[in-house]
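> Below is entry.cif; it holds mmCIF, C-alpha atoms.
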```cif
data_structure
loop_
_atom_site.label_atom_id
_atom_site.label_comp_id
_atom_site.auth_asym_id
_atom_site.auth_seq_id
_atom_site.Cartn_x
_atom_site.Cartn_y
_atom_site.Cartn_z
CA ILE B 1403 0.00 0.00 0.00
CA GLN B 1404 2.82 2.40 0.82
CA GLU B 1405 4.50 1.70 -2.52
CA PHE B 1406 1.50 1.51 -4.84
CA GLY B 1407 -1.33 3.16 -2.92
CA PRO B 1408 -0.45 6.77 -3.82
CA PRO B 1409 -1.81 7.31 -7.37
CA ALA B 1410 1.29 9.10 -8.64
CA ARG B 1411 3.56 6.26 -7.50
CA MET B 1412 1.29 3.58 -8.93
CA VAL B 1413 1.28 5.28 -12.32
CA THR B 1414 5.04 5.90 -12.20
CA TRP B 1415 5.74 2.19 -11.71
CA ALA B 1416 3.24 1.25 -14.40
CA LEU B 1417 4.90 3.67 -16.81
CA ALA B 1418 8.33 2.20 -16.08
CA ALA B 1419 7.00 -1.31 -16.71
CA MET B 1420 5.20 -0.28 -19.89
CA THR B 1421 8.34 1.39 -21.23
CA GLU B 1422 10.40 -1.76 -20.69
CA LEU B 1423 7.74 -3.94 -22.27
CA ARG B 1424 7.49 -1.64 -25.28
CA GLU B 1425 11.22 -1.91 -25.89
CA SER B 1426 11.54 -5.66 -25.34
CA ILE B 1427 8.33 -6.75 -27.09
CA CYS B 1428 9.02 -4.57 -30.11
CA ARG B 1429 12.59 -5.90 -30.24
CA ASP B 1430 11.23 -9.46 -30.37
CA LEU B 1431 8.87 -8.43 -33.16
CA ALA B 1432 11.67 -6.77 -35.11
CA GLU B 1433 13.76 -9.95 -34.77
CA ASN B 1434 10.83 -12.13 -35.91
CA LYS B 1435 10.58 -13.91 -32.57
CA VAL B 1436 6.88 -14.41 -33.10
CA LEU B 1437 6.18 -16.70 -30.13
CA ALA B 1438 8.02 -14.43 -27.70
CA TRP B 1439 6.02 -11.48 -29.00
CA TYR B 1440 2.68 -13.28 -28.98
CA THR B 1441 2.94 -14.74 -25.49
CA ARG B 1442 3.41 -11.29 -23.96
CA LEU B 1443 0.67 -9.38 -25.76
CA ARG B 1444 -1.60 -9.50 -22.70
CA GLN B 1445 0.92 -7.90 -20.36
CA PRO B 1446 0.65 -4.27 -21.56
CA GLU B 1447 -3.15 -4.52 -21.73
CA GLU B 1448 -3.32 -5.99 -18.24
CA ILE B 1449 -1.07 -3.33 -16.76
CA TYR B 1450 -3.02 -0.50 -18.34
CA VAL B 1451 -6.48 -1.83 -17.49
CA THR B 1452 -5.42 -2.72 -13.93
CA VAL B 1453 -4.08 0.78 -13.30
CA LEU B 1454 -7.26 2.39 -14.62
CA TYR B 1455 -9.39 0.06 -12.50
CA ALA B 1456 -7.31 0.55 -9.37
CA LEU B 1457 -7.35 4.34 -9.73
CA PHE B 1458 -10.88 5.05 -10.85
CA VAL B 1459 -13.09 2.05 -10.07
CA ALA B 1460 -11.79 0.06 -7.09
CA ASN B 1461 -12.83 0.80 -3.54
CA GLU B 1462 -10.36 0.45 -0.66
CA LYS B 1463 -11.07 -3.27 -0.17
CA GLU B 1464 -10.69 -4.01 -3.88
CA LEU B 1465 -7.45 -2.04 -4.01
CA HIS B 1466 -6.00 -4.18 -1.22
CA HIS B 1467 -7.05 -7.32 -3.12
CA ILE B 1468 -5.46 -6.08 -6.35
CA LEU B 1469 -2.19 -5.32 -4.60
CA SER B 1470 -2.23 -8.68 -2.80
CA GLY B 1471 -2.10 -10.62 -6.06
CA GLU B 1472 -4.63 -13.14 -4.75
CA ARG B 1473 -7.06 -14.70 -7.22
CA PRO B 1474 -9.25 -13.73 -8.96
CA ASN B 1475 -7.03 -10.89 -10.03
CA GLY B 1476 -6.89 -10.67 -13.79
CA LEU B 1477 -7.79 -8.71 -16.87
CA SER B 1478 -11.24 -10.18 -17.53
CA GLN B 1479 -12.61 -9.22 -14.11
CA ARG B 1480 -11.78 -5.55 -14.62
CA TYR B 1481 -12.04 -4.83 -18.30
CA ASP B 1482 -15.81 -4.37 -18.61
CA GLN B 1483 -15.99 -1.64 -15.96
CA VAL B 1484 -12.95 0.15 -17.33
CA ASN B 1485 -14.44 -0.05 -20.82
CA GLU B 1486 -17.68 1.52 -19.59
CA LEU B 1487 -16.13 4.24 -17.45
CA VAL B 1488 -13.06 5.26 -19.44
CA LEU B 1489 -13.59 4.04 -23.00
CA CYS B 1490 -17.33 4.84 -23.05
CA GLY B 1491 -18.05 1.34 -24.32
CA ARG B 1492 -15.81 1.62 -27.37
CA GLY B 1493 -13.28 -1.01 -26.26
CA LEU B 1494 -12.91 -4.03 -28.52
CA LEU B 1495 -11.35 -6.70 -26.32
CA GLN B 1496 -14.69 -8.38 -25.60
CA VAL B 1497 -16.22 -7.82 -29.05
CA SER B 1498 -16.56 -10.84 -31.35
CA GLN B 1499 -14.71 -10.35 -34.63
CA SER B 1500 -14.13 -12.32 -37.81
CA GLY B 1501 -10.84 -14.17 -38.05
CA ALA B 1502 -8.31 -13.40 -40.75
CA SER B 1503 -9.18 -16.58 -42.66
CA SER B 1504 -12.20 -18.06 -40.89
CA GLY B 1505 -14.13 -18.27 -37.64
CA ILE B 1506 -15.06 -15.78 -34.93
CA PHE B 1507 -12.88 -14.72 -32.03
CA LYS B 1508 -12.66 -12.20 -29.20
CA PRO B 1509 -9.34 -10.37 -28.82
CA ILE B 1510 -9.32 -11.01 -25.07
CA ASP B 1511 -9.42 -14.78 -25.71
CA MET B 1512 -6.45 -14.42 -28.04
CA LEU B 1513 -4.54 -12.55 -25.32
CA HIS B 1514 -5.31 -15.29 -22.79
CA ALA B 1515 -4.25 -18.04 -25.20
CA GLY B 1516 -0.94 -16.32 -25.80
CA ALA B 1517 -0.29 -15.63 -22.13
CA HIS B 1518 -0.81 -19.32 -21.32
CA ALA B 1519 1.30 -20.46 -24.30
CA SER B 1520 -1.55 -22.73 -25.36
CA PHE B 1521 -1.42 -24.97 -28.41
CA PRO B 1522 -3.86 -22.68 -30.29
CA ALA B 1523 -1.37 -19.89 -29.60
CA PHE B 1524 1.38 -22.06 -31.10
CA MET B 1525 -0.78 -22.61 -34.17
CA THR B 1526 -1.33 -18.88 -34.55
CA CYS B 1527 2.39 -18.20 -34.31
CA MET B 1528 3.14 -20.93 -36.85
CA ALA B 1529 0.67 -19.40 -39.28
CA ILE B 1530 2.22 -15.96 -38.81
CA ALA B 1531 5.74 -17.32 -39.29
CA ARG B 1532 4.74 -19.13 -42.49
CA GLU B 1533 2.97 -16.13 -44.01
CA PRO B 1534 5.09 -12.94 -43.90
CA SER B 1535 2.12 -10.78 -44.91
CA ALA B 1536 0.35 -11.85 -41.70
CA ARG B 1537 3.10 -10.45 -39.50
CA PRO B 1538 1.96 -7.39 -37.54
CA SER B 1539 3.43 -4.02 -38.28
CA LEU B 1540 6.23 -3.11 -35.90
CA ASP B 1541 5.43 0.59 -36.35
CA VAL B 1542 1.76 0.09 -35.53
CA TYR B 1543 2.46 -1.94 -32.41
CA ALA B 1544 5.20 0.43 -31.23
CA LYS B 1545 2.74 3.30 -31.65
CA HIS B 1546 0.10 1.39 -29.67
CA LEU B 1547 2.40 0.86 -26.69
CA GLY B 1548 3.78 4.37 -27.06
CA THR B 1549 0.24 5.69 -26.66
CA TYR B 1550 -0.11 3.78 -23.39
CA CYS B 1551 3.15 5.34 -22.20
CA THR B 1552 1.89 8.80 -23.16
CA TYR B 1553 -1.38 8.32 -21.29
CA LEU B 1554 0.34 6.94 -18.19
CA ASN B 1555 2.76 9.84 -18.20
CA TYR B 1556 -0.18 12.25 -18.47
CA MET B 1557 -1.75 10.68 -15.38
CA ARG B 1558 1.56 10.81 -13.53
CA GLU B 1559 2.00 14.49 -14.25
CA MET B 1560 -1.59 15.27 -13.27
CA PHE B 1561 -1.35 13.43 -9.95
CA GLU B 1562 2.05 14.90 -9.17
CA GLY B 1563 0.56 18.30 -9.90
CA GLY B 1564 -2.03 17.73 -7.19
CA LYS B 1565 -5.06 17.11 -9.41
CA ALA B 1566 -7.99 15.21 -7.89
CA LYS B 1567 -8.93 11.78 -9.22
CA GLU B 1568 -12.14 13.01 -10.82
CA HIS B 1569 -10.19 15.63 -12.79
CA VAL B 1570 -7.60 13.11 -13.92
CA LEU B 1571 -10.37 10.70 -14.92
CA ALA B 1572 -12.07 13.38 -17.01
CA GLY B 1573 -8.78 14.01 -18.80
CA VAL B 1574 -8.15 10.33 -19.44
CA VAL B 1575 -11.68 9.88 -20.82
CA SER B 1576 -11.00 12.75 -23.22
CA LEU B 1577 -7.70 11.19 -24.32
CA HIS B 1578 -9.55 8.03 -25.31
CA LYS B 1579 -12.24 9.72 -27.35
CA PRO B 1580 -11.94 9.09 -31.11
CA ALA B 1581 -10.94 11.82 -33.54
CA SER B 1582 -14.55 12.07 -34.73
CA HIS B 1583 -15.56 13.39 -31.33
CA TRP B 1584 -13.41 16.48 -31.82
CA GLN B 1585 -14.58 17.28 -35.33
CA LYS B 1586 -16.77 20.32 -35.90
CA PRO B 1587 -20.50 19.49 -35.71
CA SER B 1588 -20.99 20.25 -39.39
CA VAL B 1589 -18.43 17.57 -40.26
CA ALA B 1590 -19.38 14.93 -37.71
CA LEU B 1591 -23.18 15.04 -37.81
CA GLU B 1592 -23.34 11.48 -39.09
CA SER B 1593 -20.74 10.05 -36.71
CA LYS B 1594 -21.55 11.32 -33.25
CA PRO B 1595 -19.93 9.12 -30.59
CA ALA B 1596 -22.12 7.46 -28.02
CA PRO B 1597 -22.37 9.55 -24.85
CA CYS B 1598 -20.13 8.40 -22.06
CA PRO B 1599 -21.92 7.18 -18.93
CA GLU B 1600 -22.24 9.86 -16.29
CA GLN B 1601 -19.14 9.84 -14.13
CA THR B 1602 -19.33 9.86 -10.38
CA LYS B 1603 -16.59 10.65 -7.97
CA PRO B 1604 -14.65 7.44 -7.14
#
```
Output the file's structure as structure tokens, nothing else.


Amino acid sequence: IQEFGPPARMVTWALAAMTELRESICRDLAENKVLAWYTRLRQPEEIYVTVLYALFVANEKELHHILSGERPNGLSQRYDQVNELVLCGRGLLQVSQSGASSGIFKPIDMLHAGAHASFPAFMTCMAIAREPSARPSLDVYAKHLGTYCTYLNYMREMFEGGKAKEHVLAGVVSLHKPASHWQKPSVALESKPAPCPEQTKP
């Protein structure tokens, strides 16, 4: 609690971890170490979602449980509430999508399969290794993790500047809004984003 309870310290440690993961995961991707890359895809998502949940959703009892590491203590238990509060329901991890060649999948299931180094994860990595065009873009993934670092650093600076949680939350919600939200009304009449649920003070 002393180390991670203060919001600024929690975000500082998360930012340090995210920065290391960005460098090492992207290095594996650049060196075509597909399995090493794939098995760690859940880690950045779990860190980011856990920090958002711990800061803006969890009560004192839940915070103690998160920091204890006791089960259940994973991504799936927290994502839905973070998606509703921060992403205004636009998150895609739990949304069913069509596979590249066939079938339906949810991104969160893919992350779990990779984290557990399951045989389906092996099959996915084999398919990626055999088909160069299926390999993810290093630039796109580096940008994705870089965005997480930017957002974590924003929270760190806000908390260190003495901002209250509700003000930091409002800023983070704005950071996650799509570009269409900021377009002039005359341009975005046909693409208004869904309203974010009313926020209450954590």

> On this file, the PyMOL selection byres ((chain B and resi 1442-1451) around 8) gives some set of residues; write that set as a VMD selection string.

chain B and resid 1416 1420 1423 1427 1438 to 1441 1452 to 1455 1476 to 1477 1480 to 1481 1484 1513 to 1514 1516 to 1517 1547 1550

> Could you list the residues chosen by the PyMOL selection byres ((chain B and resi 1567-1570) around 12) in this structure as a ChimeraX atom specification?

/B:1408-1410,1413,1454,1456-1459,1487-1488,1553-1566,1571-1577,1600-1604

> Expressed in Å to a single decimal, how great is the separation between atom CA of B:Ala1544 and atom CA of B:Glu1425?

8.4 Å

> What is the atom CA of B:His1546-atom CA of B:Pro1580 distance in Å, reported with one decimal?

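Separation between atom CA of B:His1546 and atom CA of B:Pro1580: 14.4 Å.
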
> Please, what distance in Å, to one decimal, runs between atom CA of B:Arg1429 and atom CA of B:Leu1540?

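If I compute the distance from atom CA of B:Arg1429 to atom CA of B:Leu1540, I get 9.0 Å.
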
> Using all atoms listed in the file, which residue out of B:Glu1405, B:Ser1500, B:Lys1435, B:Thr1526 lies closest to B:Met1512?

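Of the candidates, the smallest distance to B:Met1512 is held by B:Thr1526.
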
> So, with all atoms listed in the file as the atoms that count, which of B:Ser1520, B:Ser1539, B:Gln1585, B:Ser1470 lies closest to B:Ile1403?

B:Ser1470

> Find the residue from B:Arg1532, B:Lys1508, B:His1466, B:His1583 that sits nearest to B:Val1436; use all atoms listed in the file when measuring.

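Of B:Arg1532, B:Lys1508, B:His1466, B:His1583, the one nearest B:Val1436 is B:Arg1532, counting all atoms listed in the file.
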
> Would you mind telling me which residue in B:Arg1424, B:Asn1434, B:Ala1418, B:Met1412 lies nearest to B:Glu1533 when using all atoms listed in the file?

B:Asn1434

> Choose the residue, out of B:Leu1431, B:Ala1529, B:Thr1549, B:Lys1579, that has the smallest atom-to-atom separation from B:Leu1417; count only C-alpha atoms.

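Using only C-alpha atoms, B:Leu1417 sits closest to B:Thr1549.
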
> Return the padded bounding box of stretch 1437-1452 of chain B as JSON: axis-aligned, built from all atoms listed in the file, 5 Å added on each side, with centre and edge lengths in Å to one decimal.


```
{"center_x": 0.8, "center_y": -8.6, "center_z": -22.0, "size_x": 24.5, "size_y": 26.2, "size_z": 26.2}
```

> Nearest to B:His1518: which of B:Val1497, B:Phe1406, B:Ala1581, B:Leu1437 is it, counting all atoms listed in the file?

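For B:His1518, the nearest of the given residues is B:Leu1437.
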